[in-house]
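File shown: protein_14.pdb (PDB, C-alpha atoms).
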```pdb
ATOM      1  CA  VAL A   1       0.000   0.000   0.000
ATOM      2  CA  ILE A   2       2.827   2.399   0.856
ATOM      3  CA  GLY A   3       4.353   1.773  -2.557
ATOM      4  CA  GLN A   4       7.805   3.218  -1.836
ATOM      5  CA  PRO A   5      10.699   2.823   0.664
ATOM      6  CA  PHE A   6       9.324   3.238   4.173
ATOM      7  CA  GLU A   7      10.420   3.256   7.783
ATOM      8  CA  LEU A   8       9.300   0.569  10.177
ATOM      9  CA  ALA A   9       7.834   3.234  12.465
ATOM     10  CA  LEU A  10       5.344   4.232   9.751
ATOM     11  CA  LEU A  11       4.301   0.629   9.252
ATOM     12  CA  ALA A  12       3.764   0.290  13.011
ATOM     13  CA  LYS A  13       1.261   3.166  12.890
ATOM     14  CA  LEU A  14      -0.731   1.428  10.154
ATOM     15  CA  GLU A  15      -0.809  -2.048  11.642
ATOM     16  CA  PRO A  16      -0.655  -2.237  15.452
ATOM     17  CA  MET A  17       1.708  -5.062  16.354
ATOM     18  CA  PRO A  18       4.207  -5.590  19.177
ATOM     19  CA  ARG A  19       7.479  -3.894  18.172
ATOM     20  CA  ARG A  20       9.670  -6.955  18.729
ATOM     21  CA  ARG A  21       7.356  -9.108  16.683
ATOM     22  CA  MET A  22       7.316  -6.554  13.836
ATOM     23  CA  MET A  23      11.106  -6.190  13.866
ATOM     24  CA  ALA A  24      11.539  -9.971  13.803
ATOM     25  CA  ALA A  25       9.085 -10.311  10.914
ATOM     26  CA  ALA A  26      10.850  -7.550   8.963
ATOM     27  CA  ALA A  27      14.248  -9.203   9.532
ATOM     28  CA  GLN A  28      12.883 -12.526   8.310
ATOM     29  CA  LEU A  29      11.433 -10.908   5.160
ATOM     30  CA  VAL A  30      14.751  -9.177   4.457
ATOM     31  CA  ALA A  31      16.660 -12.451   4.925
ATOM     32  CA  SER A  32      14.323 -14.235   2.483
ATOM     33  CA  GLY A  33      14.661 -11.480  -0.140
ATOM     34  CA  PHE A  34      11.066 -10.262  -0.027
ATOM     35  CA  LEU A  35      12.214  -6.957   1.469
ATOM     36  CA  GLU A  36      15.419  -4.946   1.107
ATOM     37  CA  ARG A  37      17.007  -2.176   3.169
ATOM     38  CA  ASP A  38      18.363   0.946   1.482
ATOM     39  CA  GLY A  39      21.298   3.042   2.646
ATOM     40  CA  ASP A  40      19.082   4.932   5.102
ATOM     41  CA  GLY A  41      17.730   1.757   6.677
ATOM     42  CA  ARG A  42      14.315   2.058   5.058
ATOM     43  CA  LEU A  43      12.481  -1.015   3.811
ATOM     44  CA  ALA A  44      11.208  -1.718   0.297
ATOM     45  CA  PHE A  45      10.011  -4.743  -1.614
ATOM     46  CA  GLY A  46      12.773  -6.639  -3.357
ATOM     47  CA  HIS A  47      10.830  -6.568  -6.633
ATOM     48  CA  GLY A  48       7.840  -4.636  -7.888
ATOM     49  CA  LEU A  49       6.091  -7.870  -8.900
ATOM     50  CA  VAL A  50       6.228  -9.110  -5.315
ATOM     51  CA  ARG A  51       4.675  -5.870  -4.094
ATOM     52  CA  ASP A  52       1.922  -6.076  -6.733
ATOM     53  CA  CYS A  53       1.108  -9.684  -5.814
ATOM     54  CA  VAL A  54       0.847  -8.855  -2.106
ATOM     55  CA  TYR A  55      -1.343  -5.851  -2.913
ATOM     56  CA  GLU A  56      -3.701  -8.023  -4.963
ATOM     57  CA  LEU A  57      -4.150 -10.367  -1.998
ATOM     58  CA  LEU A  58      -5.796  -7.539  -0.026
ATOM     59  CA  THR A  59      -9.554  -7.067  -0.284
ATOM     60  CA  PHE A  60     -10.934  -3.769  -1.573
ATOM     61  CA  GLU A  61     -12.037  -2.825   1.940
ATOM     62  CA  GLN A  62      -8.574  -3.573   3.363
ATOM     63  CA  ARG A  63      -6.882  -1.481   0.677
ATOM     64  CA  ALA A  64      -9.217   1.480   1.201
ATOM     65  CA  ARG A  65      -8.746   1.375   4.980
ATOM     66  CA  LEU A  66      -4.950   1.201   4.720
ATOM     67  CA  HIS A  67      -4.714   3.939   2.062
ATOM     68  CA  ALA A  68      -6.890   6.305   4.111
ATOM     69  CA  SER A  69      -4.958   5.530   7.292
ATOM     70  CA  LEU A  70      -1.640   6.087   5.515
ATOM     71  CA  ALA A  71      -2.803   9.415   4.064
ATOM     72  CA  GLU A  72      -3.843  10.561   7.521
ATOM     73  CA  ARG A  73      -0.446   9.654   8.981
ATOM     74  CA  LEU A  74       1.490  11.290   6.141
ATOM     75  CA  GLU A  75      -0.438  14.548   6.501
ATOM     76  CA  GLY A  76       1.441  15.190   9.703
ATOM     77  CA  ALA A  77       4.873  14.887   8.078
ATOM     78  CA  SER A  78       6.868  18.135   8.029
ATOM     79  CA  ALA A  79       7.807  17.714   4.357
ATOM     80  CA  VAL A  80       4.184  18.114   3.337
ATOM     81  CA  VAL A  81       4.279  21.781   4.334
ATOM     82  CA  ALA A  82       6.641  22.513   1.454
ATOM     83  CA  GLY A  83       4.489  20.545  -0.956
ATOM     84  CA  TYR A  84       6.796  17.543  -1.238
ATOM     85  CA  GLY A  85       4.784  14.354  -1.121
ATOM     86  CA  ALA A  86       1.462  16.134  -1.615
ATOM     87  CA  ALA A  87       0.686  14.146  -4.772
ATOM     88  CA  GLU A  88       1.359  10.873  -2.946
ATOM     89  CA  ILE A  89      -0.971  11.854  -0.098
ATOM     90  CA  ALA A  90      -3.676  12.847  -2.581
ATOM     91  CA  GLU A  91      -3.311   9.480  -4.310
ATOM     92  CA  HIS A  92      -3.728   7.639  -1.018
ATOM     93  CA  TRP A  93      -6.839   9.669  -0.105
ATOM     94  CA  GLU A  94      -8.402   8.839  -3.474
ATOM     95  CA  ARG A  95      -7.613   5.145  -3.179
ATOM     96  CA  GLY A  96      -8.982   5.309   0.329
ATOM     97  CA  GLY A  97     -12.340   6.456  -1.054
ATOM     98  CA  ARG A  98     -11.981  10.027   0.241
ATOM     99  CA  PRO A  99     -11.591  12.229  -2.891
ATOM    100  CA  GLU A 100     -12.752  15.334  -1.011
ATOM    101  CA  ASN A 101      -9.618  15.052   1.173
ATOM    102  CA  ALA A 102      -7.395  14.706  -1.905
ATOM    103  CA  ILE A 103      -8.300  18.067  -3.498
ATOM    104  CA  GLU A 104      -6.164  20.301  -1.278
ATOM    105  CA  HIS A 105      -3.161  18.024  -1.734
ATOM    106  CA  TRP A 106      -3.528  17.940  -5.542
ATOM    107  CA  LEU A 107      -3.608  21.744  -5.500
ATOM    108  CA  ARG A 108      -0.506  21.867  -3.310
ATOM    109  CA  ALA A 109       1.223  19.436  -5.654
ATOM    110  CA  ALA A 110       0.345  21.684  -8.613
ATOM    111  CA  GLU A 111       1.715  24.753  -6.810
ATOM    112  CA  PHE A 112       4.915  22.906  -5.915
ATOM    113  CA  ALA A 113       5.361  21.655  -9.492
ATOM    114  CA  LEU A 114       4.795  25.150 -10.897
ATOM    115  CA  ALA A 115       7.387  26.587  -8.519
ATOM    116  CA  ARG A 116       9.885  24.065  -9.922
ATOM    117  CA  TYR A 117       8.924  24.993 -13.514
ATOM    118  CA  ALA A 118       7.397  21.524 -13.991
ATOM    119  CA  SER A 119       4.357  23.012 -15.739
ATOM    120  CA  GLU A 120       3.222  19.770 -17.406
ATOM    121  CA  ASP A 121       3.165  18.065 -14.004
ATOM    122  CA  ALA A 122       1.194  21.008 -12.615
ATOM    123  CA  LEU A 123      -1.447  20.575 -15.340
ATOM    124  CA  ASP A 124      -1.649  16.842 -14.600
ATOM    125  CA  HIS A 125      -2.201  17.544 -10.886
ATOM    126  CA  LEU A 126      -4.899  20.104 -11.724
ATOM    127  CA  ALA A 127      -6.672  17.550 -13.906
ATOM    128  CA  ARG A 128      -6.670  15.166 -10.938
ATOM    129  CA  THR A 129      -8.082  18.004  -8.801
ATOM    130  CA  GLU A 130     -11.026  18.408 -11.157
ATOM    131  CA  ALA A 131     -11.606  14.659 -11.244
ATOM    132  CA  ALA A 132     -11.554  14.487  -7.430
ATOM    133  CA  SER A 133     -13.999  17.407  -7.206
ATOM    134  CA  THR A 134     -16.365  15.622  -9.581
ATOM    135  CA  ALA A 135     -16.067  12.335  -7.686
ATOM    136  CA  ALA A 136     -16.742  14.085  -4.368
ATOM    137  CA  LYS A 137     -19.722  15.958  -5.899
ATOM    138  CA  LEU A 138     -18.551  19.206  -4.353
ATOM    139  CA  SER A 139     -20.144  22.571  -5.008
ATOM    140  CA  SER A 140     -18.315  24.956  -7.331
ATOM    141  CA  GLU A 141     -17.113  27.091  -4.408
ATOM    142  CA  ALA A 142     -15.838  24.142  -2.388
ATOM    143  CA  SER A 143     -13.706  22.964  -5.332
ATOM    144  CA  GLN A 144     -11.781  26.287  -5.270
ATOM    145  CA  PRO A 145     -12.307  27.227  -8.939
ATOM    146  CA  LEU A 146     -10.355  30.502  -8.806
ATOM    147  CA  ARG A 147      -7.266  28.849  -7.347
ATOM    148  CA  ARG A 148      -7.442  26.061  -9.925
ATOM    149  CA  LEU A 149      -7.939  28.453 -12.843
ATOM    150  CA  LYS A 150      -5.085  30.737 -11.758
ATOM    151  CA  LEU A 151      -2.684  27.801 -11.465
ATOM    152  CA  ARG A 152      -3.786  26.456 -14.836
ATOM    153  CA  ALA A 153      -3.372  29.841 -16.524
ATOM    154  CA  ASP A 154       0.113  30.287 -15.048
ATOM    155  CA  ALA A 155       1.154  26.794 -16.156
ATOM    156  CA  LEU A 156      -0.149  27.357 -19.684
ATOM    157  CA  GLN A 157       1.691  30.645 -19.882
ATOM    158  CA  GLU A 158       4.938  28.991 -18.764
ATOM    159  CA  LEU A 159       4.474  26.469 -21.579
ATOM    160  CA  SER A 160       3.929  29.315 -24.091
ATOM    161  CA  ARG A 161       0.379  28.129 -24.740
ATOM    162  CA  LEU A 162      -0.617  31.765 -24.703
ATOM    163  CA  ASP A 163      -4.044  31.544 -26.343
ATOM    164  CA  GLU A 164      -5.194  28.937 -23.831
ATOM    165  CA  ALA A 165      -3.659  30.960 -20.991
ATOM    166  CA  ALA A 166      -5.533  34.092 -22.097
ATOM    167  CA  VAL A 167      -8.838  32.212 -22.143
ATOM    168  CA  THR A 168      -8.166  30.799 -18.676
ATOM    169  CA  TYR A 169      -7.237  34.221 -17.276
ATOM    170  CA  ARG A 170     -10.568  35.497 -18.616
ATOM    171  CA  ASP A 171     -12.264  32.653 -16.781
ATOM    172  CA  CYS A 172     -10.515  33.867 -13.601
ATOM    173  CA  ALA A 173     -11.894  37.344 -14.183
ATOM    174  CA  ARG A 174     -15.364  35.904 -14.764
ATOM    175  CA  VAL A 175     -15.234  34.074 -11.430
ATOM    176  CA  LEU A 176     -14.266  37.370  -9.771
ATOM    177  CA  GLY A 177     -17.115  39.150 -11.528
ATOM    178  CA  LEU A 178     -14.791  41.309 -13.650
ATOM    179  CA  ARG A 179     -15.174  42.180 -17.312
ATOM    180  CA  MET A 180     -12.187  41.722 -19.573
ATOM    181  CA  PRO A 181     -11.973  43.113 -23.118
ATOM    182  CA  THR A 182     -11.360  40.580 -25.856
ATOM    183  CA  SER A 183      -8.709  42.756 -27.612
ATOM    184  CA  PRO A 184      -6.647  45.966 -27.127
ATOM    185  CA  VAL A 185      -9.137  47.779 -29.354
ATOM    186  CA  GLY A 186     -11.925  46.555 -27.117
ATOM    187  CA  ARG A 187     -10.087  47.923 -24.090
ATOM    188  CA  LEU A 188      -9.739  51.359 -25.745
ATOM    189  CA  ALA A 189     -13.434  51.309 -26.583
ATOM    190  CA  GLU A 190     -14.283  50.611 -22.931
ATOM    191  CA  ILE A 191     -12.088  53.492 -21.753
ATOM    192  CA  ALA A 192     -13.616  55.862 -24.318
ATOM    193  CA  GLY A 193     -17.113  54.803 -23.305
ATOM    194  CA  GLU A 194     -16.312  55.461 -19.651
ATOM    195  CA  TYR A 195     -14.733  58.926 -19.963
ATOM    196  CA  LEU A 196     -16.009  60.493 -23.219
ATOM    197  CA  ARG A 197     -19.370  62.037 -23.999
ATOM    198  CA  LYS A 198     -20.774  63.265 -27.298
ATOM    199  CA  GLY A 199     -19.705  66.872 -27.932
ATOM    200  CA  SER A 200     -16.964  66.887 -25.276
ATOM    201  CA  GLN A 201     -13.449  68.077 -26.083
ATOM    202  CA  VAL A 202     -10.515  65.719 -25.624
ATOM    203  CA  TYR A 203      -6.739  66.022 -25.868
ATOM    204  CA  ILE A 204      -5.009  63.118 -27.600
ATOM    205  CA  GLU A 205      -1.231  62.710 -27.613
ATOM    206  CA  GLY A 206       0.445  60.407 -30.080
ATOM    207  CA  ARG A 207       1.394  59.947 -33.718
ATOM    208  CA  LEU A 208      -0.691  59.371 -36.816
ATOM    209  CA  ARG A 209       0.442  57.062 -39.591
ATOM    210  CA  THR A 210      -0.647  58.033 -43.120
ATOM    211  CA  ARG A 211       0.244  57.008 -46.652
ATOM    212  CA  LYS A 212       1.431  60.524 -47.546
ATOM    213  CA  TRP A 213       4.866  62.074 -47.111
ATOM    214  CA  GLN A 214       3.503  65.560 -46.370
ATOM    215  CA  ASP A 215       2.282  66.641 -42.918
TER     216      ASP A 215
END
```
This structure in structure tokens:
Amino acid sequence: VIGQPFELALLAKLEPMPRRRMMAAAAQLVASGFLERDGDGRLAFGHGLVRDCVYELLTFEQRARLHASLAERLEGASAVVAGYGAAEIAEHWERGGRPENAIEHWLRAAEFALARYASEDALDHLARTEAASTAAKLSSEASQPLRRLKLRADALQELSRLDEAAVTYRDCARVLGLRMPTSPVGRLAEIAGEYLRKGSQVYIEGRLRTRKWQD
């Protein structure tokens, strides 16, 4: 269920078992080759196929319970504050049948990816956020649309997908209740409509381009 190198202390929080008995079982599994220890003393399955086979032996209810319990334990880790591991926690919440708990962590993962200029990863995390919101049947406000749209627009801009970014920024403005012109000419028209009245005098500074050489 953990799916990556782990410390024995984390396993003890998931499955209550006397410490000596757990340490003896871990040592036996390492000796038989089912588990391996890395340079930091963490445990991992000796082969991915072994891990997959053990995972398949669990019932759906057992998997969901363990994933949710693991997500809850990992939320307290200090590394999560910086965004590291947020995607893993979100994955565990989803597999634990709690998509509403995964949304915040997918958003954190997107923010962390964007800060590292991993814009494609950020878009992938945002897509998972939308899927989790749909699965949890949350209201539009609860799914944090403005935060999602802003992150998506920033990621698209970083990838030079400027047309898509512009559309998404307009969606941000729409959520905020703001009007955005569709072009620079449209913006000038809005300014003129706000400040000018028929018959009023205006002072315009600039240059005119003509097809003639004379002034």
Neighbourhood query: residues within 12 Å of (-15.5, 8.5, -2.1), file coordinates, counting only C-alpha atoms; return as a VMD selection string. chain A and resid 64 68 92 to 102 131 to 138
Residues within 7 Å of segment 43-53 of chain A, please, as a ChimeraX atom specification. Count only C-alpha atoms; anything in the same chain fewer than 3 positions from it doesn't count. /A:4-7,33-38,56-57
Check the smallest atom-to-atom distance from each of A:Gln157, A:Ala24, A:Glu164, A:His67 to Tyr55 of chain A using all atoms listed in the file, then report the winner. A:His67
As a PyMOL selection string, please: the residues near Leu146 of chain A (cut-off 7 Å, all atoms listed in the file, same-chain neighbours under 4 positions excluded). chain A and resi 150+172+175
Target residues per the PyMOL selection byres ((chain A and resi 149) around 12), formatted as an MDAnalysis selection string: chainID A and resid 107 110:111 122:123 126:127 129:130 143:148 150:156 164:176
As an exercise, work out the distance from atom CA of Ile2 of chain A to atom CA of Glu72 of chain A in Å and give it to one decimal place.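 Separating atom CA of Ile2 of chain A from atom CA of Glu72 of chain A is a distance of 12.5 Å.
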Here atom CA of Arg73 of chain A and atom CA of Phe60 of chain A stand apart by 20.0 Å
Residues near Leu8 of chain A, anyone? I mean within 9 Å using only C-alpha atoms, not counting same-chain ones fewer than 6 positions away, as a PyMOL selection string. chain A and resi 22-23+26+42-43
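Take the candidates A:Glu158, A:Thr59, A:Leu70, A:Val54 and check each one against Leu11 of chain A using all atoms listed in the file; the shortest distance goes to A:Leu70.
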Using Å and a single decimal, report how far atom CA of Gly76 of chain A sits from atom CA of Ala118 of chain A. 25.2 Å
Which of these, A:Gly39, A:Gln201, A:Ser139, A:Ala87, has the shortest distance to Asp124 of chain A once you count all atoms listed in the file?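 Under the stated criterion, the closest residue is A:Ala87.
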